[in-house]
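query-v5.csv (CSV, C-alpha atoms and all ligand atoms) appears below.
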chain,number,residue,atom,x,y,z
B,4,MET,CA,0.0,0.0,0.0
B,5,ARG,CA,1.3,3.4,-0.9
B,6,MET,CA,1.5,6.0,1.8
B,7,ARG,CA,1.9,9.3,0.1
B,8,LYS,CA,1.2,12.3,2.3
B,9,ALA,CA,-1.7,14.4,1.1
B,10,LEU,CA,-1.0,18.0,0.0
B,11,ILE,CA,-3.9,20.5,0.2
B,12,ALA,CA,-2.9,23.7,-1.4
B,13,GLY,CA,-4.7,27.0,-1.7
B,14,ASN,CA,-3.9,29.3,-4.6
B,15,TRP,CA,-5.2,32.8,-3.7
B,16,LYS,CA,-4.3,34.2,-7.1
B,17,MET,CA,-4.7,38.0,-7.1
B,18,TYR,CA,-6.8,38.2,-4.0
B,19,LYS,CA,-6.1,39.6,-0.4
B,20,THR,CA,-4.0,42.4,0.8
B,21,PRO,CA,-1.3,41.6,3.4
B,22,GLU,CA,-3.8,42.7,6.2
B,23,GLU,CA,-6.5,40.4,4.8
B,24,SER,CA,-4.0,37.6,4.4
B,25,VAL,CA,-3.0,37.9,8.1
B,26,GLN,CA,-6.6,37.9,9.2
B,27,PHE,CA,-7.4,34.8,7.2
B,28,VAL,CA,-4.3,32.9,8.6
B,29,ARG,CA,-5.1,33.9,12.2
B,30,GLU,CA,-8.6,32.6,12.0
B,31,PHE,CA,-7.5,29.5,10.0
B,32,LEU,CA,-4.8,28.5,12.5
B,33,GLN,CA,-7.2,28.9,15.4
B,34,GLN,CA,-9.6,26.3,13.9
B,35,LEU,CA,-7.1,24.0,12.3
B,36,THR,CA,-6.4,20.6,13.8
B,37,PRO,CA,-3.1,19.5,12.4
B,38,ARG,CA,-2.8,16.0,11.0
B,39,SER,CA,0.6,14.5,10.3
B,40,GLU,CA,-0.6,12.7,7.1
B,41,ARG,CA,-1.9,15.9,5.6
B,42,GLU,CA,0.2,18.9,4.5
B,43,VAL,CA,-1.4,22.3,4.1
B,44,LEU,CA,0.0,25.0,1.8
B,45,ILE,CA,-1.1,28.5,1.1
B,46,CYS,CA,0.1,30.4,-2.0
B,47,PRO,CA,-0.8,34.0,-1.3
B,48,PRO,CA,0.1,36.9,-3.6
B,49,ALA,CA,3.9,37.6,-3.3
B,50,THR,CA,3.1,40.8,-1.3
B,51,SER,CA,1.7,38.7,1.5
B,52,LEU,CA,4.5,36.2,1.9
B,53,GLY,CA,6.6,38.4,4.2
B,54,VAL,CA,3.9,39.1,6.7
B,55,LEU,CA,2.7,35.5,6.8
B,56,LYS,CA,6.2,34.0,7.3
B,57,PRO,CA,6.4,34.8,11.0
B,58,LEU,CA,2.8,33.6,11.6
B,59,LEU,CA,3.3,30.3,9.8
B,60,GLU,CA,6.9,29.5,10.8
B,61,LYS,CA,5.9,27.4,13.8
B,62,SER,CA,2.7,26.2,12.4
B,63,PRO,CA,1.8,23.1,10.3
B,64,VAL,CA,0.9,25.4,7.4
B,65,HIS,CA,3.4,25.9,4.6
B,66,LEU,CA,3.9,28.9,2.3
B,67,GLY,CA,4.2,28.9,-1.5
B,68,ALA,CA,4.5,31.5,-4.3
B,69,GLN,CA,2.4,31.6,-7.5
B,70,ASN,CA,5.2,32.5,-9.9
B,71,VAL,CA,8.9,33.0,-10.1
B,72,SER,CA,11.4,34.7,-12.4
B,73,PRO,CA,13.6,32.3,-14.4
B,74,GLU,CA,16.6,34.6,-13.8
B,75,ASP,CA,18.8,34.9,-10.7
B,76,GLU,CA,18.7,38.7,-10.5
B,77,GLY,CA,19.2,41.7,-12.6
B,78,ALA,CA,17.4,44.4,-14.5
B,79,PHE,CA,14.1,42.6,-14.9
B,80,THR,CA,11.5,45.2,-13.8
B,81,GLY,CA,8.5,43.7,-12.0
B,82,GLU,CA,10.0,40.2,-11.6
B,83,ILE,CA,10.6,38.4,-8.3
B,84,SER,CA,13.5,35.9,-8.0
B,85,ALA,CA,13.5,32.5,-6.4
B,86,ARG,CA,16.0,33.7,-3.8
B,87,MET,CA,13.6,36.6,-2.8
B,88,LEU,CA,10.7,34.2,-2.5
B,89,LYS,CA,12.7,31.8,-0.3
B,90,ALA,CA,13.8,34.6,1.9
B,91,SER,CA,10.1,35.7,2.2
B,92,GLY,CA,9.1,32.2,3.5
B,93,ALA,CA,8.1,30.3,0.4
B,94,GLU,CA,8.8,26.6,0.2
B,95,TYR,CA,6.9,25.9,-3.0
B,96,VAL,CA,6.4,27.7,-6.3
B,97,ILE,CA,3.5,27.2,-8.7
B,98,CYS,CA,5.0,26.9,-12.2
B,99,GLY,CA,3.0,27.1,-15.4
B,100,HIS,CA,-0.4,27.7,-14.0
B,101,SER,CA,-2.9,27.8,-17.0
B,102,GLU,CA,-3.5,31.5,-16.2
B,103,ARG,CA,0.2,32.2,-16.7
B,104,ARG,CA,0.3,30.1,-19.8
B,105,ASN,CA,-3.0,31.4,-21.4
B,106,ILE,CA,-3.2,35.0,-20.2
B,107,PHE,CA,0.5,35.9,-20.0
B,108,GLY,CA,1.7,33.7,-22.8
B,109,GLU,CA,4.1,31.5,-20.9
B,110,THR,CA,5.5,28.8,-23.1
B,111,ASP,CA,6.6,25.3,-22.1
B,112,GLU,CA,10.2,26.4,-22.5
B,113,LEU,CA,9.7,29.3,-20.0
B,114,VAL,CA,7.8,27.0,-17.6
B,115,ASN,CA,10.7,24.6,-17.7
B,116,ARG,CA,13.2,27.4,-16.9
B,117,LYS,CA,11.0,28.3,-13.9
B,118,VAL,CA,10.9,24.7,-12.7
B,119,LYS,CA,14.7,24.5,-12.9
B,120,GLN,CA,15.1,27.9,-11.2
B,121,THR,CA,12.8,26.8,-8.4
B,122,LEU,CA,14.8,23.6,-7.8
B,123,LYS,CA,18.1,25.5,-8.0
B,124,TYR,CA,17.1,27.5,-4.9
B,125,GLY,CA,15.9,24.5,-2.9
B,126,LEU,CA,12.2,25.2,-3.4
B,127,LYS,CA,9.6,22.7,-4.6
B,128,PRO,CA,8.0,23.4,-8.0
B,129,ILE,CA,4.3,22.6,-8.5
B,130,LEU,CA,4.2,22.0,-12.2
B,131,CYS,CA,0.7,22.6,-13.6
B,132,VAL,CA,-0.5,20.8,-16.7
B,133,GLY,CA,-4.0,20.5,-18.2
B,134,GLU,CA,-5.9,20.5,-21.4
B,135,LYS,CA,-8.4,23.1,-22.8
B,136,LEU,CA,-12.0,22.1,-23.5
B,137,GLU,CA,-11.5,21.9,-27.2
B,138,GLU,CA,-8.5,19.7,-26.8
B,139,ARG,CA,-10.4,17.3,-24.6
B,140,GLU,CA,-13.3,17.3,-27.1
B,141,ALA,CA,-10.8,16.5,-29.9
B,142,GLY,CA,-9.5,13.6,-27.9
B,143,LYS,CA,-6.1,15.3,-27.4
B,144,THR,CA,-6.1,15.4,-23.6
B,145,TRP,CA,-3.1,13.0,-23.1
B,146,THR,CA,-1.1,14.4,-26.1
B,147,VAL,CA,-1.4,17.9,-24.6
B,148,ILE,CA,-0.5,16.8,-21.1
B,149,GLN,CA,2.4,14.6,-22.2
B,150,LYS,CA,3.9,17.5,-24.1
B,151,GLN,CA,3.6,19.8,-21.1
B,152,LEU,CA,5.1,17.3,-18.8
B,153,SER,CA,7.9,16.3,-21.2
B,154,ALA,CA,8.9,19.9,-21.9
B,155,GLY,CA,8.3,21.1,-18.3
B,156,LEU,CA,10.6,18.4,-16.9
B,157,THR,CA,13.4,18.7,-19.5
B,158,GLY,CA,16.8,18.5,-17.9
B,159,ILE,CA,15.4,17.5,-14.5
B,160,THR,CA,17.4,14.7,-12.8
B,161,ARG,CA,15.9,11.8,-10.9
B,162,GLU,CA,17.1,13.4,-7.7
B,163,GLN,CA,15.4,16.7,-8.5
B,164,ALA,CA,12.2,14.9,-9.7
B,165,ALA,CA,11.7,13.7,-6.1
B,166,GLU,CA,11.1,17.4,-5.2
B,167,VAL,CA,8.6,18.1,-8.0
B,168,VAL,CA,4.8,18.2,-7.4
B,169,ILE,CA,2.6,17.8,-10.5
B,170,ALA,CA,-0.8,19.5,-10.6
B,171,TYR,CA,-3.4,18.3,-13.2
B,172,GLU,CA,-5.7,21.2,-13.8
B,173,PRO,CA,-8.0,20.9,-16.7
B,174,VAL,CA,-8.5,24.4,-18.0
B,175,TRP,CA,-12.2,23.9,-18.5
B,176,ALA,CA,-12.6,23.2,-14.8
B,177,ILE,CA,-10.7,26.2,-13.4
B,178,GLY,CA,-13.0,28.8,-11.9
B,179,THR,CA,-16.0,27.4,-13.8
B,180,GLY,CA,-17.7,25.5,-11.0
B,181,LYS,CA,-17.4,22.5,-13.3
B,182,ASN,CA,-15.0,20.0,-11.8
B,183,ALA,CA,-13.6,16.9,-13.5
B,184,THR,CA,-15.3,13.8,-12.1
B,185,PRO,CA,-13.1,11.9,-9.8
B,186,GLN,CA,-12.9,9.1,-12.4
B,187,VAL,CA,-11.9,11.4,-15.2
B,188,ALA,CA,-9.2,13.0,-13.0
B,189,GLU,CA,-8.0,9.6,-11.7
B,190,GLU,CA,-7.5,8.4,-15.2
B,191,VAL,CA,-5.2,11.3,-16.1
B,192,HIS,CA,-3.4,11.0,-12.7
B,193,GLN,CA,-2.6,7.4,-13.5
B,194,SER,CA,-1.2,8.4,-16.9
B,195,ILE,CA,0.9,11.0,-15.3
B,196,ARG,CA,2.3,8.5,-12.8
B,197,ASN,CA,3.1,6.1,-15.7
B,198,PHE,CA,4.8,8.9,-17.5
B,199,LEU,CA,6.9,9.6,-14.3
B,200,GLU,CA,7.8,5.9,-14.1
B,201,GLU,CA,9.0,5.8,-17.6
B,202,ARG,CA,11.0,9.0,-17.2
B,203,PHE,CA,12.4,8.6,-13.7
B,204,GLY,CA,11.7,5.1,-12.5
B,205,ARG,CA,9.3,3.4,-10.2
B,206,GLU,CA,10.3,4.9,-6.9
B,207,ILE,CA,9.9,8.4,-8.1
B,208,ALA,CA,6.5,7.6,-9.7
B,209,GLU,CA,5.2,5.9,-6.5
B,210,THR,CA,6.3,8.6,-4.2
B,211,ALA,CA,5.3,11.6,-6.5
B,212,THR,CA,2.6,13.9,-5.3
B,213,ILE,CA,0.0,14.5,-8.0
B,214,LEU,CA,-2.6,17.2,-7.3
B,215,TYR,CA,-5.9,17.8,-8.9
B,216,GLY,CA,-7.2,21.4,-9.4
B,217,GLY,CA,-10.2,22.9,-11.0
B,218,SER,CA,-13.4,23.8,-9.0
B,219,VAL,CA,-12.4,21.8,-6.0
B,220,LYS,CA,-14.9,22.7,-3.2
B,221,PRO,CA,-16.3,21.3,0.0
B,222,GLU,CA,-19.0,19.4,-2.0
B,223,ASN,CA,-16.5,17.4,-4.1
B,224,ILE,CA,-13.4,17.1,-2.0
B,225,ASP,CA,-14.2,13.8,-0.3
B,226,GLU,CA,-14.8,11.9,-3.5
B,227,LEU,CA,-11.8,13.4,-5.2
B,228,MET,CA,-9.5,12.4,-2.3
B,229,ALA,CA,-10.9,8.9,-2.3
B,230,GLU,CA,-9.2,8.2,-5.7
B,231,ALA,CA,-5.9,6.3,-5.3
B,232,ASP,CA,-3.8,8.5,-7.5
B,233,ILE,CA,-5.1,11.9,-6.4
B,234,ASP,CA,-2.7,12.9,-3.6
B,235,GLY,CA,-4.1,16.3,-3.0
B,236,VAL,CA,-5.7,19.4,-4.5
B,237,LEU,CA,-4.8,22.9,-5.7
B,238,VAL,CA,-7.8,25.1,-4.7
B,239,GLY,CA,-8.5,28.5,-6.1
B,240,THR,CA,-11.9,30.1,-5.2
B,241,ALA,CA,-12.7,27.8,-2.4
B,242,SER,CA,-9.5,28.5,-0.6
B,243,LEU,CA,-10.4,32.2,-0.1
B,244,THR,CA,-12.7,31.8,2.9
B,245,VAL,CA,-11.8,30.1,6.1
B,246,PRO,CA,-14.8,27.8,6.5
B,247,SER,CA,-14.6,26.5,3.0
B,248,PHE,CA,-10.8,25.9,3.0
B,249,LEU,CA,-11.0,24.3,6.4
B,250,ARG,CA,-13.7,21.9,5.2
B,251,ILE,CA,-11.4,21.0,2.3
B,252,VAL,CA,-8.4,20.4,4.5
B,253,ASN,CA,-10.6,18.3,6.8
B,254,TYR,CA,-11.9,16.1,4.0
B,255,GLN,CA,-13.4,12.8,5.1
B,256,SER,CA,-11.0,10.0,4.2
B,257,LYS,CA,-12.4,7.1,2.2
B,258,SER,CA,-9.1,6.4,0.7
B,259,GLN,CA,-7.3,3.1,1.0
B,260,ALA,CA,-4.0,4.9,1.3
B,261,GLY,CA,-5.3,6.1,4.7
B,262,ARG,CA,-4.6,9.7,4.2
E,1,LIG,P1,-10.5,27.1,-8.9
E,1,LIG,O1,-9.0,27.4,-9.3
E,1,LIG,O2,-10.5,26.2,-7.7
E,1,LIG,O3,-11.1,28.5,-8.6
E,1,LIG,O4,-11.2,26.4,-10.1
E,1,LIG,C1,-8.1,26.4,-9.3
E,1,LIG,C2,-6.7,26.9,-9.8
E,1,LIG,O5,-6.7,27.7,-10.7
E,1,LIG,O6,-5.7,26.4,-9.2
Would you mind writing the structure in this file as structure tokens?
Amino acid sequence: MRMRKALIAGNWKMYKTPEESVQFVREFLQQLTPRSEREVLICPPATSLGVLKPLLEKSPVHLGAQNVSPEDEGAFTGEISARMLKASGAEYVICGHSERRNIFGETDELVNRKVKQTLKYGLKPILCVGEKLEEREAGKTWTVIQKQLSAGLTGITREQAAEVVIAYEPVWAIGTGKNATPQVAEEVHQSIRNFLEERFGREIAETATILYGGSVKPENIDELMAEADIDGVLVGTASLTVPSFLRIVNYQSKSQAGR
């Protein structure tokens, strides 16, 4: 039986000032019952990382960033480096979220540079992959995801691969209220695990954390987490209020993995 730790991650996108972030975290920590088999992660806007760091340092909740520059430092106006994120308390970095790819034109090549940059600074990348609705309807789901995985993980060693989290986020499910059914998600997650096995070997594949994202909410979390290859979730909208995110973190386990 596999015993992968669950990872429940909130992606706050461009919501919450530093003050609002602090208020959320104070309330959240008061009500959270820590469980060793579940890791909780919050990815606030970069402007909130610094104020949350001291609040979360001795807590079971981890901090992540939503984006990173592929460069070390220099004249790159508006960019934030991996070193800065790390110093501000981030342990994870979301790389290649579909909003970055589709609104800001990030290519697979750029996403790959960001994954490598994240690893270079000892942070854990969350590499996001996922198909658009028209790609799913054209039967191209796996072709698209395989390409994103293959390009996103170019040049990554087996040792580095152990630090990488993959998030399957079908674009048609993000912010639409329309989640992938647990079975549809599970099928893709299995294919991702097979891909990791072919690329990096069995041990990496079996220990890899593969998240599902796209309209995760209190109503569907229990059934999603019951799937064997869904190791956690990346939550947007439903991570923005304390009761909703708490309910997701406190999902009812039906999983054989005992998470
Ligand atoms: P959503 O966003 O939960 O609002 O669909 C998920 C994401 O973009 O990570």
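Counting all atoms listed in the file and comparing B:Leu66, B:Ile159, B:Val174, B:Val245, the residue that lies closest to ligand LIG 1 (chain E) is B:Val174.
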What are the nearest atom pairs, with distances in Å to one decimal, for all residues of chain B that come at most 7 Å from ligand LIG 1 (chain E), using all atoms listed in the file, set out by chain and rising residue number as JSON lines?
{"residue": "B:Asn14", "atom": "CA", "partner": "E:LIG1", "partner_atom": "O6", "distance": 5.7}
{"residue": "B:Glu172", "atom": "CA", "partner": "E:LIG1", "partner_atom": "O6", "distance": 6.9}
{"residue": "B:Ala176", "atom": "CA", "partner": "E:LIG1", "partner_atom": "O4", "distance": 5.9}
{"residue": "B:Ile177", "atom": "CA", "partner": "E:LIG1", "partner_atom": "O4", "distance": 3.3}
{"residue": "B:Gly178", "atom": "CA", "partner": "E:LIG1", "partner_atom": "O4", "distance": 3.5}
{"residue": "B:Thr179", "atom": "CA", "partner": "E:LIG1", "partner_atom": "O4", "distance": 6.1}
{"residue": "B:Gly180", "atom": "CA", "partner": "E:LIG1", "partner_atom": "O4", "distance": 6.6}
{"residue": "B:Gly216", "atom": "CA", "partner": "E:LIG1", "partner_atom": "C1", "distance": 5.1}
{"residue": "B:Gly217", "atom": "CA", "partner": "E:LIG1", "partner_atom": "O4", "distance": 3.7}
{"residue": "B:Ser218", "atom": "CA", "partner": "E:LIG1", "partner_atom": "O4", "distance": 3.6}
{"residue": "B:Val219", "atom": "CA", "partner": "E:LIG1", "partner_atom": "O2", "distance": 5.1}
{"residue": "B:Leu237", "atom": "CA", "partner": "E:LIG1", "partner_atom": "O6", "distance": 5.0}
{"residue": "B:Val238", "atom": "CA", "partner": "E:LIG1", "partner_atom": "O2", "distance": 4.2}
{"residue": "B:Gly239", "atom": "CA", "partner": "E:LIG1", "partner_atom": "O1", "distance": 3.4}
{"residue": "B:Thr240", "atom": "CA", "partner": "E:LIG1", "partner_atom": "O3", "distance": 3.8}
{"residue": "B:Ala241", "atom": "CA", "partner": "E:LIG1", "partner_atom": "O2", "distance": 6.0}
Polymer residues at most 8 Å from Ile45 (chain B), only C-alpha atoms, same-chain spacing of 5 or more positions, as a ChimeraX atom specification: /B:12-15,64-67
Residues just named, written with C-alpha atoms as an mmCIF file, in the coordinates of the input:
data_model
loop_
_atom_site.group_PDB
_atom_site.id
_atom_site.type_symbol
_atom_site.label_atom_id
_atom_site.label_comp_id
_atom_site.auth_asym_id
_atom_site.auth_seq_id
_atom_site.Cartn_x
_atom_site.Cartn_y
_atom_site.Cartn_z
ATOM 1 C CA ALA B 12 -2.900 23.700 -1.400
ATOM 2 C CA GLY B 13 -4.700 27.000 -1.700
ATOM 3 C CA ASN B 14 -3.900 29.300 -4.600
ATOM 4 C CA TRP B 15 -5.200 32.800 -3.700
ATOM 5 C CA VAL B 64 0.900 25.400 7.400
ATOM 6 C CA HIS B 65 3.400 25.900 4.600
ATOM 7 C CA LEU B 66 3.900 28.900 2.300
ATOM 8 C CA GLY B 67 4.200 28.900 -1.500
#
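Candidate residues B:Thr212, B:Ser258, B:Asn115, B:Thr36 were compared for distance to Glu166 (chain B), and the nearest is B:Thr212, using only C-alpha atoms.
Shortest atom-to-atom contact with Lys220 (chain B) among B:Lys117, B:Arg250, B:Arg7, B:Arg29: B:Arg250, counting only C-alpha atoms.
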I'd like the neighbourhood of region 86-95 of chain B as a PyMOL selection string, where a residue qualifies if any of its atoms comes within 9 Å (using all atoms listed in the file), though same-chain residues fewer than 6 positions away should be ignored. chain B and resi 44+46+49+51-57+59-60+65-69+71+75-76+121+124-129
